[in-house]
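A.B. asks: Okay, here's the structure, questions in a sec.
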Amino acid sequence: MEKLMQIAKKNADHVLIRNIKEEMTNVSFENGELKNIETSIASNIALTLIKDGKIGFAYTTNLIDREQFVKNALTSLKGGVDGSYGISNSGDPVKLNSYDKSIENIGTSQLVDEAKRTIDYLKTKTDGQVNLEQGMVKEEIRILNSNGVDYSQKNSSYFLYPMVLYPGSYSSVMRAFASKSLKNTDQNILDLLLNLYNSSNKQVCPPGGQMKVLFLPEAFYTIAWRMISALSSENAYYNISPIKDKIGSKIFSSMITAYDNPIDDTMPGSRSFDDEGTVTSKVMLIENGVLQSFYFDRKTAKKMGTKSTGNGYCREISRLPKPDVRNFTIEAGALTLEQMIKSIDKGVIVPSVLGAHSGNIPNGDFSVGLSPGIYVENGEIVGHVNDSMVAGNIYDVLNKVIAIENEKHLASMGCFPAVLFDNINVVMK
Amino acid sequence: MIEKLKKILSNVEAEFADIRYEKKDESTVSFDNHDLHQIGNNSSDGYVIRVLKNGGFSSISFNSIDDAPKAIKTAIENATLLGKRLKKPVILAKSEVIKDSYNPPLTEDPEKISIEEKYDIIKRYNDLALANPEISSTTFHIFDLIRNRFYVNTEGTEISEKLVTTGVSGILIAKKGNILQNVRVSCGGSDGFKNVRNQEEYVESRVKIAVDLLNAKPVEGGVYNVILNQSLAGVFTHEAFGHFSEADLIEDAKVMRERMKLGNKLGNDILNIQDDPTIPHQLGFYKYDDEGVAAAKVQLMKNGILTGRLHSRRTAAEFGEPINGHCIAEDYRYAPIIRMGTIFIEPGESTFEQLISKLGDGLYLCDAKGGQTAGENFTFGAQYGYLVKNGKIDSMIKDINIAGNLYDTLKNIVAIGNDLELCKNGGCGKGQLNIRSCHGAPHILIEKLVVGGR
């Protein structure tokens, strides 16, 4: 990397190099049986050159010819992409405990053994079909720039997702268990899944209408996705965010507090610097329903006359950074999940959804199939519903929050508690 | 390269092994509104090795040739472990030994077009859209992506194939007060750069839809009789049927597998569906899949009866059904999985006018906006639509999402148009992205569709 930096520096005012190495093993079980083991060993390099306020970019997997790689970036420079926002100065990233060395001694057979143990436990207590995804990742990220930034971080993560599937479909209850190295699956997670599944085993066909809806963390990304879109400084800048002018205003229920927390190293995946080499920190976005801030990368920060919040990330090695969250979190509330369910006179629990990616995301609209819907009457789960849909808009729905779980859980798109909403329209066939 | 791959494979001690090397060349220009966001040509590469040993089948992907010995060792260990623990040993269906090299015929090779010219084209489309005062924001992206793929296996198959995909994709956001509407723009193909030229009229038509949507009413949720246009019916086919035809998705789901037994009647008599990646000049075209098997047409459904399924060598053996070359990977990062190639509902007899007249009262829904399948259930979104009253197209509606069920929905297709169209730009995410996933259909009339709304 140092040689690459030297060559690049001769040709530009500023240089940034991003090098990511990753080793991953994935194990999958279907219908209670071992199905597949896949591994990947990947290495990627990206080079950014800034010259006369313009940016050039190149990426590759194998750095065979440094001069040619720099030439690719210089050719890209001719395009005239604005790079006036420059590169970060050297700073002081938090020292994170993000790598558990014991992961180096974990063999695939140990993973398979733990997965089997988890499945066996579930199978003794339910008739439902059990699938499971499990994985282990070792990652090394290094960012260096011509301002003296040279940060590197090693991350280790282990995850296991058990799923109990309803008959004849892929509707399921599931929950992620994650840690920095192989650990026994948390029993509480398994017992929760068993309880939810076994008590909703019967298929029911209640009438639709306005009712309470309890989004479990695994389905909450339906809403979080639209929050993340609205909180992006880029969307604010381009007038796509509905809350662009609402800093300081109350936009949601006072029960909603949301922040990005990349430096929380109790969970795997923490980052002390972003993909632009900016030091990261906890970024408060919504506090008690009041909008505090958008999240910024360097480019959007410059356009809006402010500083990067350390939220410049590249979705893929082939892309330039954009504002993105790393550990989007909704703060936990006051009630246990049991208490929340008991409080439902008539409503559905949503453990999983279909179609959260379609719909008018910028506007906050959502319309999702429930996969399944777990129907509750007078505080008791009575069965599950197929063929039902929930639709709404987050600016309406997030003002109808009546309870939030007292625990957060790692799930798709962030870390969320269960959230109970009142008076939402559910269509049942 | 083929010789180099054969040498690497010679170090693998197993019943079967294959290796795939790909060099991916990407050219991209992207705009966020008037701001050029990214421009450049880049190359990346990598290998995927798969090993069958003692009944276990495992894969490994890696970038650097120096990692090959470590990768082989890991793949063999994992395959051996699987072999010990799998309920049933993996068998691969027999496949012809093929030695071939294939380059697709192209009308304009995108590699010969300068990036400046690509920049000019996408800028023109972008400026066209932004010229409309009600379009508040755009993202526009022109790309060509070339997979130079080399495949060798221990049975003696040696194939090289080039897959060239060109495309323009974008999102237009129209704004009026607090109302935001977005519409997708997409075009492209597998047979050359010409597919992204001269799309001004198409871009204008998308702008018009985005702007009209500002004044459209959200659809009222409920159950309706519906006509889907070709684009939407194509996505419907993909989500409502295509995924269930992928053997790997139903393989371990006992109930699904029973319901998808060949010979079962799942659809109306008039419904015929096929997947044919051999149709030239379509987005979904390829000659050989990523396991070295020749692509083949599969008659998935005939007169409503299930007659075929999409397979890899492994699932073909498992199901006892013929192989048909439908095992594809996105690129060098992934082992291949079962994918649709070019899936479509075959055209029927009715004209569009006949369909609308037959519909009477209902909805006319247009253009795909994403979809998802889980088990027997699926959802998909429509970009826009119209109320239909008394056989006449009425006001525009929006915010349309549809939910359905494999068993009911296909039986409720009551009439099929004669106007088949295949999509120009694709995207199917199934763990990895298949940008050449092509789908299509004629206009179709479906009864009793669940439509989500407020």
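Residues are named by chain letter and number: chains run A, B, ... in the order of the structure tokens, numbers start at 1 in each chain, and ligands are numbered from 1 in the order shown.
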Please provide as number ranges by chain all residues within 8 Å of region 228-230 of chain B, with the sequence filter that same-chain residues fewer than 4 positions apart are discarded (counting only C-alpha atoms).
C.D. replies: B: 234, 364-367, 419-422, 440-446
A.B. asks: Output C-alpha atoms for every residue in that selection, as a short mmCIF file (atom, residue, chain, number, x, y, z; two decimals), in the first residue's frame.
C.D. replies:
```
data_model
loop_
_atom_site.label_atom_id
_atom_site.label_comp_id
_atom_site.auth_asym_id
_atom_site.auth_seq_id
_atom_site.Cartn_x
_atom_site.Cartn_y
_atom_site.Cartn_z
CA GLY B 234 -43.48 -10.24 -16.21
CA TYR B 364 -55.30 -1.60 -14.91
CA LEU B 365 -51.89 -1.81 -13.26
CA CYS B 366 -48.59 -0.98 -14.91
CA ASP B 367 -44.85 -1.44 -14.54
CA ASP B 419 -48.79 -8.84 -27.04
CA LEU B 420 -45.75 -10.45 -25.35
CA GLU B 421 -42.91 -8.13 -24.31
CA LEU B 422 -39.66 -9.03 -22.53
CA GLY B 440 -41.90 -10.86 -19.64
CA ALA B 441 -45.51 -11.50 -20.52
CA PRO B 442 -48.39 -10.19 -22.56
CA HIS B 443 -51.20 -8.22 -20.86
CA ILE B 444 -53.08 -10.59 -18.53
CA LEU B 445 -56.43 -10.41 -16.73
CA ILE B 446 -56.50 -11.78 -13.17
#
```
A.B. asks: From region 217-324 of chain B, collect each residue whose DSSP state is helix (DSSP H, G or I) and return the set as a ChimeraX atom specification.
C.D. replies: /B:230-245,247-250,254-259,313-319
A.B. asks: Check every residue of chain A for an atom within 6 Å of chain B, counting only C-alpha atoms, and provide those that qualify as a list in words.
C.D. replies: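 Putting it all together, I get Leu34, Ile37, Glu38, Thr39, Ser40, Ile41, Ala42, Thr60, Thr61, Ser76, Val81, Gly168, Ser169, Tyr170, Leu354, Gly355, Ser358, Asn363 and Ala391 of chain A.
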A.B. asks: Can you pull out the residues contacting Cys415 (chain A)? Cut-off 8 Å, using only C-alpha atoms, and skip same-chain residues under 6 positions away; I want them as a list of chain:residue names.
C.D. replies: A:Pro217, A:Asn327, A:Phe328, A:Thr329, A:Ile330, A:Lys408, A:His409
A.B. asks: Would you export the selected residues with N, CA and C atoms as a PDB file, in the first residue's frame, please?
C.D. replies:
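Produced file out_19.pdb, reproduced below:
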```
ATOM      1  N   PRO A 217     -38.345  -6.771  16.086  1.00  0.00           N
ATOM      2  CA  PRO A 217     -37.116  -6.190  15.526  1.00  0.00           C
ATOM      3  C   PRO A 217     -36.789  -6.696  14.124  1.00  0.00           C
ATOM      4  N   ASN A 327     -24.661   1.447  12.465  1.00  0.00           N
ATOM      5  CA  ASN A 327     -25.329   0.707  13.530  1.00  0.00           C
ATOM      6  C   ASN A 327     -26.546   1.519  13.968  1.00  0.00           C
ATOM      7  N   PHE A 328     -27.537   1.605  13.060  1.00  0.00           N
ATOM      8  CA  PHE A 328     -28.728   2.412  13.312  1.00  0.00           C
ATOM      9  C   PHE A 328     -29.507   1.791  14.451  1.00  0.00           C
ATOM     10  N   THR A 329     -29.749   2.566  15.497  1.00  0.00           N
ATOM     11  CA  THR A 329     -30.316   2.019  16.729  1.00  0.00           C
ATOM     12  C   THR A 329     -31.542   2.801  17.168  1.00  0.00           C
ATOM     13  N   ILE A 330     -32.563   2.091  17.579  1.00  0.00           N
ATOM     14  CA  ILE A 330     -33.721   2.699  18.236  1.00  0.00           C
ATOM     15  C   ILE A 330     -33.557   2.385  19.724  1.00  0.00           C
ATOM     16  N   LYS A 408     -33.003  -4.164  23.188  1.00  0.00           N
ATOM     17  CA  LYS A 408     -32.740  -4.012  21.756  1.00  0.00           C
ATOM     18  C   LYS A 408     -32.171  -5.310  21.218  1.00  0.00           C
ATOM     19  N   HIS A 409     -32.407  -5.580  19.933  1.00  0.00           N
ATOM     20  CA  HIS A 409     -31.908  -6.801  19.320  1.00  0.00           C
ATOM     21  C   HIS A 409     -31.296  -6.504  17.967  1.00  0.00           C
TER      22      HIS A 409
END
```
A.B. asks: Within 10 Å of region 284-298 of chain B, which residues of region 16-72 of chain B show up? Give each one with its shortest atom-to-atom distance in Å (one decimal) and the two atoms involved, counting only C-alpha atoms, rows by chain then rising residue number, as a Markdown table.
C.D. replies:
```
| residue | atom | partner | partner_atom | distance |
| --- | --- | --- | --- | --- |
| B:Asp18 | CA | B:Glu291 | CA | 7.9 |
| B:Ile19 | CA | B:Glu291 | CA | 9.0 |
| B:Arg20 | CA | B:Asp290 | CA | 7.7 |
| B:Arg50 | CA | B:Glu291 | CA | 9.7 |
```
A.B. asks: Selected residues, N, CA and C atoms, written as a PDB file, in the first residue's frame, please.
C.D. replies:
```
ATOM      1  N   ASP B  18     -14.614 -28.318  -9.980  1.00  0.00           N
ATOM      2  CA  ASP B  18     -14.590 -27.370 -11.084  1.00  0.00           C
ATOM      3  C   ASP B  18     -14.027 -26.047 -10.608  1.00  0.00           C
ATOM      4  N   ILE B  19     -13.561 -25.281 -11.556  1.00  0.00           N
ATOM      5  CA  ILE B  19     -13.009 -23.965 -11.243  1.00  0.00           C
ATOM      6  C   ILE B  19     -13.495 -22.970 -12.276  1.00  0.00           C
ATOM      7  N   ARG B  20     -13.852 -21.818 -11.789  1.00  0.00           N
ATOM      8  CA  ARG B  20     -14.335 -20.756 -12.680  1.00  0.00           C
ATOM      9  C   ARG B  20     -13.521 -19.513 -12.385  1.00  0.00           C
ATOM     10  N   ARG B  50     -15.214 -25.470  -6.747  1.00  0.00           N
ATOM     11  CA  ARG B  50     -16.198 -26.338  -6.080  1.00  0.00           C
ATOM     12  C   ARG B  50     -15.633 -27.752  -6.060  1.00  0.00           C
TER      13      ARG B  50
END
```
A.B. asks: Report as a Markdown table: every residue of region 178-208 of chain A with an atom at most 10 Å from region 129-143 of chain A, its closest pair of atoms, and their distance in Å to one decimal, counting only C-alpha atoms, with rows sorted by chain and ascending residue number.
C.D. replies:
```
| residue | atom | partner | partner_atom | distance |
| --- | --- | --- | --- | --- |
| A:Ala178 | CA | A:Gly135 | CA | 9.5 |
| A:Ser179 | CA | A:Met136 | CA | 9.6 |
| A:Lys180 | CA | A:Met136 | CA | 8.8 |
| A:Ser181 | CA | A:Met136 | CA | 7.7 |
| A:Leu182 | CA | A:Met136 | CA | 8.0 |
```
A.B. asks: Export, as a PDB file, in the first residue's frame, the selected residues with C-alpha atoms.
C.D. replies:
```
ATOM      1  CA  ALA A 178     -24.438 -12.465  17.124  1.00  0.00           C
ATOM      2  CA  SER A 179     -21.149 -12.288  18.920  1.00  0.00           C
ATOM      3  CA  LYS A 180     -17.491 -11.667  18.168  1.00  0.00           C
ATOM      4  CA  SER A 181     -16.589 -15.345  18.231  1.00  0.00           C
ATOM      5  CA  LEU A 182     -18.324 -18.703  18.484  1.00  0.00           C
TER       6      LEU A 182
END
```
A.B. asks: Find the spatial neighbours of Lys10 (chain A), counting only C-alpha atoms, within a cut-off of 12 Å - ignore same-chain residues fewer than 4 positions away - and output them as a PDB file with N, CA and C atoms, in the first residue's frame.
C.D. replies:
```pdb
ATOM      1  N   LYS A   3       3.811   1.677  -1.325  1.00  0.00           N
ATOM      2  CA  LYS A   3       4.373   1.932  -2.674  1.00  0.00           C
ATOM      3  C   LYS A   3       3.303   2.572  -3.539  1.00  0.00           C
ATOM      4  N   LEU A   4       2.079   2.085  -3.422  1.00  0.00           N
ATOM      5  CA  LEU A   4       0.973   2.637  -4.185  1.00  0.00           C
ATOM      6  C   LEU A   4       0.789   4.102  -3.814  1.00  0.00           C
ATOM      7  N   MET A   5       0.871   4.409  -2.534  1.00  0.00           N
ATOM      8  CA  MET A   5       0.712   5.779  -2.051  1.00  0.00           C
ATOM      9  C   MET A   5       1.781   6.679  -2.667  1.00  0.00           C
ATOM     10  N   GLN A   6       2.998   6.166  -2.713  1.00  0.00           N
ATOM     11  CA  GLN A   6       4.093   6.978  -3.265  1.00  0.00           C
ATOM     12  C   GLN A   6       3.843   7.337  -4.722  1.00  0.00           C
ATOM     13  N   HIS A  14      -4.159  15.104  -3.326  1.00  0.00           N
ATOM     14  CA  HIS A  14      -4.548  14.283  -2.172  1.00  0.00           C
ATOM     15  C   HIS A  14      -4.799  12.856  -2.629  1.00  0.00           C
ATOM     16  N   VAL A  15      -4.492  11.914  -1.760  1.00  0.00           N
ATOM     17  CA  VAL A  15      -4.676  10.495  -2.087  1.00  0.00           C
ATOM     18  C   VAL A  15      -5.347   9.773  -0.920  1.00  0.00           C
ATOM     19  N   LEU A  49      -8.011   9.742  -5.995  1.00  0.00           N
ATOM     20  CA  LEU A  49      -7.056  10.832  -6.219  1.00  0.00           C
ATOM     21  C   LEU A  49      -7.823  12.139  -6.308  1.00  0.00           C
ATOM     22  N   ILE A  50      -7.349  13.153  -5.637  1.00  0.00           N
ATOM     23  CA  ILE A  50      -7.962  14.472  -5.785  1.00  0.00           C
ATOM     24  C   ILE A  50      -6.899  15.426  -6.313  1.00  0.00           C
ATOM     25  N   LYS A  51      -7.272  16.076  -7.431  1.00  0.00           N
ATOM     26  CA  LYS A  51      -6.324  17.023  -8.036  1.00  0.00           C
ATOM     27  C   LYS A  51      -7.113  18.214  -8.547  1.00  0.00           C
ATOM     28  N   GLU A  67       1.243   1.059 -11.372  1.00  0.00           N
ATOM     29  CA  GLU A  67       1.253   2.225 -12.275  1.00  0.00           C
ATOM     30  C   GLU A  67      -0.053   2.264 -13.071  1.00  0.00           C
ATOM     31  N   VAL A  70      -2.995   3.368 -10.924  1.00  0.00           N
ATOM     32  CA  VAL A  70      -3.002   4.824 -10.752  1.00  0.00           C
ATOM     33  C   VAL A  70      -3.482   5.499 -12.037  1.00  0.00           C
ATOM     34  N   LYS A  71      -3.064   4.946 -13.185  1.00  0.00           N
ATOM     35  CA  LYS A  71      -3.509   5.500 -14.485  1.00  0.00           C
ATOM     36  C   LYS A  71      -5.030   5.423 -14.604  1.00  0.00           C
ATOM     37  N   LEU A  74      -6.452   8.160 -12.735  1.00  0.00           N
ATOM     38  CA  LEU A  74      -6.212   9.449 -13.405  1.00  0.00           C
ATOM     39  C   LEU A  74      -7.164   9.645 -14.579  1.00  0.00           C
ATOM     40  N   SER A 146      -3.033  10.838   2.238  1.00  0.00           N
ATOM     41  CA  SER A 146      -1.808  11.640   2.132  1.00  0.00           C
ATOM     42  C   SER A 146      -1.730  12.722   3.202  1.00  0.00           C
TER      43      SER A 146
END
```
A.B. asks: What's around Ser84 (chain A) at 12 Å? Count only C-alpha atoms, leave out sequence neighbours fewer than 6 positions away in its own chain, and write the answer as JSON, numbers by chain.
C.D. replies: {"A": [13, 14, 49, 50, 51, 52, 53, 54, 55, 56, 298, 299, 300, 301, 302, 303]}
A.B. asks: With only C-alpha atoms as the counted atoms, please give the residues lying no more than 8 Å from Ala332 (chain A), apart from itself and same-chain residues fewer than 2 positions off, as a PyMOL selection string.
C.D. replies: chain A and resi 330+334+404-408+416-417
A.B. asks: Now that the selection is made, can you save its residues with N, CA and C atoms as a short mmCIF file (atom, residue, chain, number, x, y, z; two decimals), in the first residue's frame?
C.D. replies:
```cif
data_model
loop_
_atom_site.label_atom_id
_atom_site.label_comp_id
_atom_site.auth_asym_id
_atom_site.auth_seq_id
_atom_site.Cartn_x
_atom_site.Cartn_y
_atom_site.Cartn_z
N ILE A 330 -32.56 2.09 17.58
CA ILE A 330 -33.72 2.70 18.24
C ILE A 330 -33.56 2.39 19.72
N ALA A 334 -39.72 0.68 27.84
CA ALA A 334 -40.04 0.32 29.22
C ALA A 334 -40.64 -1.06 29.44
N ILE A 404 -42.67 0.48 23.67
CA ILE A 404 -41.40 0.03 23.10
C ILE A 404 -40.77 -0.98 24.06
N GLU A 405 -40.22 -2.05 23.50
CA GLU A 405 -39.63 -3.11 24.33
C GLU A 405 -38.43 -2.60 25.13
N ASN A 406 -38.19 -3.21 26.26
CA ASN A 406 -37.10 -2.75 27.12
C ASN A 406 -35.75 -3.38 26.77
N GLU A 407 -35.67 -4.00 25.60
CA GLU A 407 -34.41 -4.62 25.14
C GLU A 407 -34.25 -4.39 23.66
N LYS A 408 -33.00 -4.16 23.19
CA LYS A 408 -32.74 -4.01 21.76
C LYS A 408 -32.17 -5.31 21.22
N PHE A 416 -32.78 -2.97 17.11
CA PHE A 416 -34.11 -2.44 17.43
C PHE A 416 -34.79 -3.20 18.55
N PRO A 417 -35.63 -2.50 19.33
CA PRO A 417 -36.55 -3.18 20.22
C PRO A 417 -37.82 -3.50 19.44
#
```
A.B. asks: Name the closest residue to Ile49 (chain B) among the candidates B:Gly167, B:Gly427, B:Gly341, B:Pro336; distances are taken between atoms, counting only C-alpha atoms.
C.D. replies: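 Looking only at the distances to Ile49 (chain B), the closest residue turns out to be B:Pro336.
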A.B. asks: Any idea what the distance is between CA of Glu377 (chain A) and CA of Ile344 (chain A)?
C.D. replies: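 Taking CA of Glu377 (chain A) as the start and CA of Ile344 (chain A) as the end point, the length is 6.8 Å.
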A.B. asks: Using only C-alpha atoms, can you tell me which of A:Lys101, A:Lys21, A:Lys183, A:Lys342 comes closest to Glu114 (chain A)?
C.D. replies: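 Comparing A:Lys101, A:Lys21, A:Lys183, A:Lys342 against Glu114 (chain A), the winner is A:Lys183.
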A.B. asks: What's around Val185 (chain B) at 12 Å? Count only C-alpha atoms, leave out sequence neighbours fewer than 6 positions away in its own chain, and write the answer as a ChimeraX atom specification.
C.D. replies: /B:122,125-126,129,138-142,167-173,196,199-210,367-369,383,423-426
A.B. asks: Take the residues that were just selected and, keeping N, CA and C atoms, output them as a JSON list (two decimals), in the first residue's frame.
C.D. replies:
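This is the output file selection-v9.json:
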```
[["chain", "number", "residue", "atom", "x", "y", "z"],
["B", 122, "ILE", "N", -25.67, 9.74, -21.03],
["B", 122, "ILE", "CA", -26.41, 9.73, -19.77],
["B", 122, "ILE", "C", -26.72, 11.15, -19.31],
["B", 125, "TYR", "N", -29.88, 12.25, -21.10],
["B", 125, "TYR", "CA", -31.12, 11.72, -20.50],
["B", 125, "TYR", "C", -31.42, 12.43, -19.19],
["B", 126, "ASN", "N", -30.40, 12.64, -18.40],
["B", 126, "ASN", "CA", -30.55, 13.27, -17.10],
["B", 126, "ASN", "C", -31.07, 14.70, -17.24],
["B", 129, "ALA", "N", -34.73, 14.88, -18.17],
["B", 129, "ALA", "CA", -35.62, 14.67, -17.04],
["B", 129, "ALA", "C", -35.66, 15.91, -16.15],
["B", 138, "THR", "N", -33.13, 13.47, -9.51],
["B", 138, "THR", "CA", -32.90, 12.26, -10.31],
["B", 138, "THR", "C", -31.65, 11.54, -9.83],
["B", 139, "THR", "N", -31.59, 10.25, -10.07],
["B", 139, "THR", "CA", -30.29, 9.57, -10.14],
["B", 139, "THR", "C", -30.29, 8.85, -11.47],
["B", 140, "PHE", "N", -29.18, 8.93, -12.17],
["B", 140, "PHE", "CA", -29.09, 8.29, -13.48],
["B", 140, "PHE", "C", -27.73, 7.60, -13.60],
["B", 141, "HIS", "N", -27.73, 6.48, -14.21],
["B", 141, "HIS", "CA", -26.53, 5.66, -14.19],
["B", 141, "HIS", "C", -26.45, 4.91, -15.51],
["B", 142, "ILE", "N", -25.35, 5.03, -16.23],
["B", 142, "ILE", "CA", -25.13, 4.22, -17.43],
["B", 142, "ILE", "C", -23.99, 3.26, -17.14],
["B", 167, "GLY", "N", -26.58, -1.10, -19.88],
["B", 167, "GLY", "CA", -27.82, -0.62, -19.28],
["B", 167, "GLY", "C", -27.80, 0.83, -18.88],
["B", 168, "VAL", "N", -28.98, 1.37, -18.78],
["B", 168, "VAL", "CA", -29.20, 2.69, -18.19],
["B", 168, "VAL", "C", -30.25, 2.47, -17.11],
["B", 169, "SER", "N", -29.97, 2.94, -15.91],
["B", 169, "SER", "CA", -31.03, 2.84, -14.91],
["B", 169, "SER", "C", -31.07, 4.13, -14.11],
["B", 170, "GLY", "N", -32.26, 4.47, -13.68],
["B", 170, "GLY", "CA", -32.40, 5.72, -12.96],
["B", 170, "GLY", "C", -33.67, 5.76, -12.17],
["B", 171, "ILE", "N", -33.74, 6.76, -11.31],
["B", 171, "ILE", "CA", -34.96, 7.02, -10.57],
["B", 171, "ILE", "C", -35.29, 8.49, -10.72],
["B", 172, "LEU", "N", -36.53, 8.76, -11.08],
["B", 172, "LEU", "CA", -36.99, 10.14, -11.19],
["B", 172, "LEU", "C", -37.89, 10.42, -10.00],
["B", 173, "ILE", "N", -37.65, 11.53, -9.31],
["B", 173, "ILE", "CA", -38.52, 11.90, -8.20],
["B", 173, "ILE", "C", -39.24, 13.18, -8.55],
["B", 196, "VAL", "N", -28.67, 1.21, -25.36],
["B", 196, "VAL", "CA", -28.80, 2.37, -24.47],
["B", 196, "VAL", "C", -28.86, 3.68, -25.25],
["B", 199, "GLN", "N", -32.85, 6.76, -26.37],
["B", 199, "GLN", "CA", -33.92, 6.47, -25.40],
["B", 199, "GLN", "C", -34.60, 7.74, -24.92],
["B", 200, "GLU", "N", -34.43, 8.82, -25.67],
["B", 200, "GLU", "CA", -35.00, 10.11, -25.25],
["B", 200, "GLU", "C", -36.51, 10.03, -25.08],
["B", 201, "GLU", "N", -37.16, 9.41, -26.07],
["B", 201, "GLU", "CA", -38.63, 9.31, -26.03],
["B", 201, "GLU", "C", -39.07, 8.49, -24.82],
["B", 202, "TYR", "N", -38.33, 7.44, -24.54],
["B", 202, "TYR", "CA", -38.63, 6.59, -23.39],
["B", 202, "TYR", "C", -38.47, 7.38, -22.09],
["B", 203, "VAL", "N", -37.38, 8.14, -21.98],
["B", 203, "VAL", "CA", -37.16, 8.93, -20.77],
["B", 203, "VAL", "C", -38.30, 9.94, -20.58],
["B", 204, "GLU", "N", -38.70, 10.57, -21.68],
["B", 204, "GLU", "CA", -39.82, 11.53, -21.61],
["B", 204, "GLU", "C", -41.09, 10.85, -21.11],
["B", 205, "SER", "N", -41.33, 9.63, -21.57],
["B", 205, "SER", "CA", -42.56, 8.94, -21.16],
["B", 205, "SER", "C", -42.51, 8.64, -19.66],
["B", 206, "ARG", "N", -41.33, 8.37, -19.12],
["B", 206, "ARG", "CA", -41.20, 8.10, -17.69],
["B", 206, "ARG", "C", -41.41, 9.39, -16.89],
["B", 207, "VAL", "N", -40.91, 10.49, -17.42],
["B", 207, "VAL", "CA", -41.11, 11.79, -16.76],
["B", 207, "VAL", "C", -42.60, 12.08, -16.65],
["B", 208, "LYS", "N", -43.32, 11.81, -17.74],
["B", 208, "LYS", "CA", -44.76, 12.09, -17.75],
["B", 208, "LYS", "C", -45.47, 11.28, -16.67],
["B", 209, "ILE", "N", -45.09, 10.02, -16.53],
["B", 209, "ILE", "CA", -45.73, 9.18, -15.51],
["B", 209, "ILE", "C", -45.44, 9.71, -14.11],
["B", 210, "ALA", "N", -44.18, 10.08, -13.87],
["B", 210, "ALA", "CA", -43.81, 10.59, -12.54],
["B", 210, "ALA", "C", -44.63, 11.83, -12.20],
["B", 367, "ASP", "N", -46.27, -1.57, -14.85],
["B", 367, "ASP", "CA", -44.85, -1.44, -14.54],
["B", 367, "ASP", "C", -44.45, -1.91, -13.17],
["B", 368, "ALA", "N", -43.44, -2.73, -13.17],
["B", 368, "ALA", "CA", -42.98, -3.36, -11.94],
["B", 368, "ALA", "C", -42.25, -2.38, -11.04],
["B", 369, "LYS", "N", -42.39, -2.62, -9.76],
["B", 369, "LYS", "CA", -41.67, -1.81, -8.77],
["B", 369, "LYS", "C", -41.24, -2.73, -7.64],
["B", 383, "GLN", "N", -45.84, 0.49, -10.41],
["B", 383, "GLN", "CA", -45.42, 1.89, -10.40],
["B", 383, "GLN", "C", -46.61, 2.83, -10.50],
["B", 423, "CYS", "N", -38.49, -7.85, -20.74],
["B", 423, "CYS", "CA", -37.88, -6.67, -20.13],
["B", 423, "CYS", "C", -36.47, -6.44, -20.65],
["B", 424, "LYS", "N", -36.02, -5.17, -20.52],
["B", 424, "LYS", "CA", -34.72, -4.78, -21.08],
["B", 424, "LYS", "C", -33.63, -4.68, -20.01],
["B", 425, "ASN", "N", -34.03, -4.67, -18.77],
["B", 425, "ASN", "CA", -33.06, -4.41, -17.70],
["B", 425, "ASN", "C", -33.57, -5.21, -16.52],
["B", 426, "GLY", "N", -32.72, -5.97, -15.88],
["B", 426, "GLY", "CA", -33.24, -6.88, -14.86],
["B", 426, "GLY", "C", -32.56, -6.75, -13.54]]
```
A.B. asks: Which residue is closest to Glu353 (chain B)? Choose from B:Ala415, B:Leu106, B:Ala14, B:Cys187 and count only C-alpha atoms.
C.D. replies: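 Closest to Glu353 (chain B) of all the choices is B:Ala415.
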A.B. asks: Determine the nearest neighbour of Thr351 (chain B) from the options B:Ser114, B:Ser95, B:Asn303, B:Asn418, counting only C-alpha atoms.
C.D. replies: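 Ranking B:Ser114, B:Ser95, B:Asn303, B:Asn418 by distance to Thr351 (chain B), first place goes to B:Asn418.
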A.B. asks: Among region 30-78 of chain A, which residues does DSSP mark as strand (DSSP E or B) when it is run on the backbone? Keep the chain and numbering as in the structure and answer as a VMD selection string.
C.D. replies: chain A and resid 30 33 to 51 54 to 60
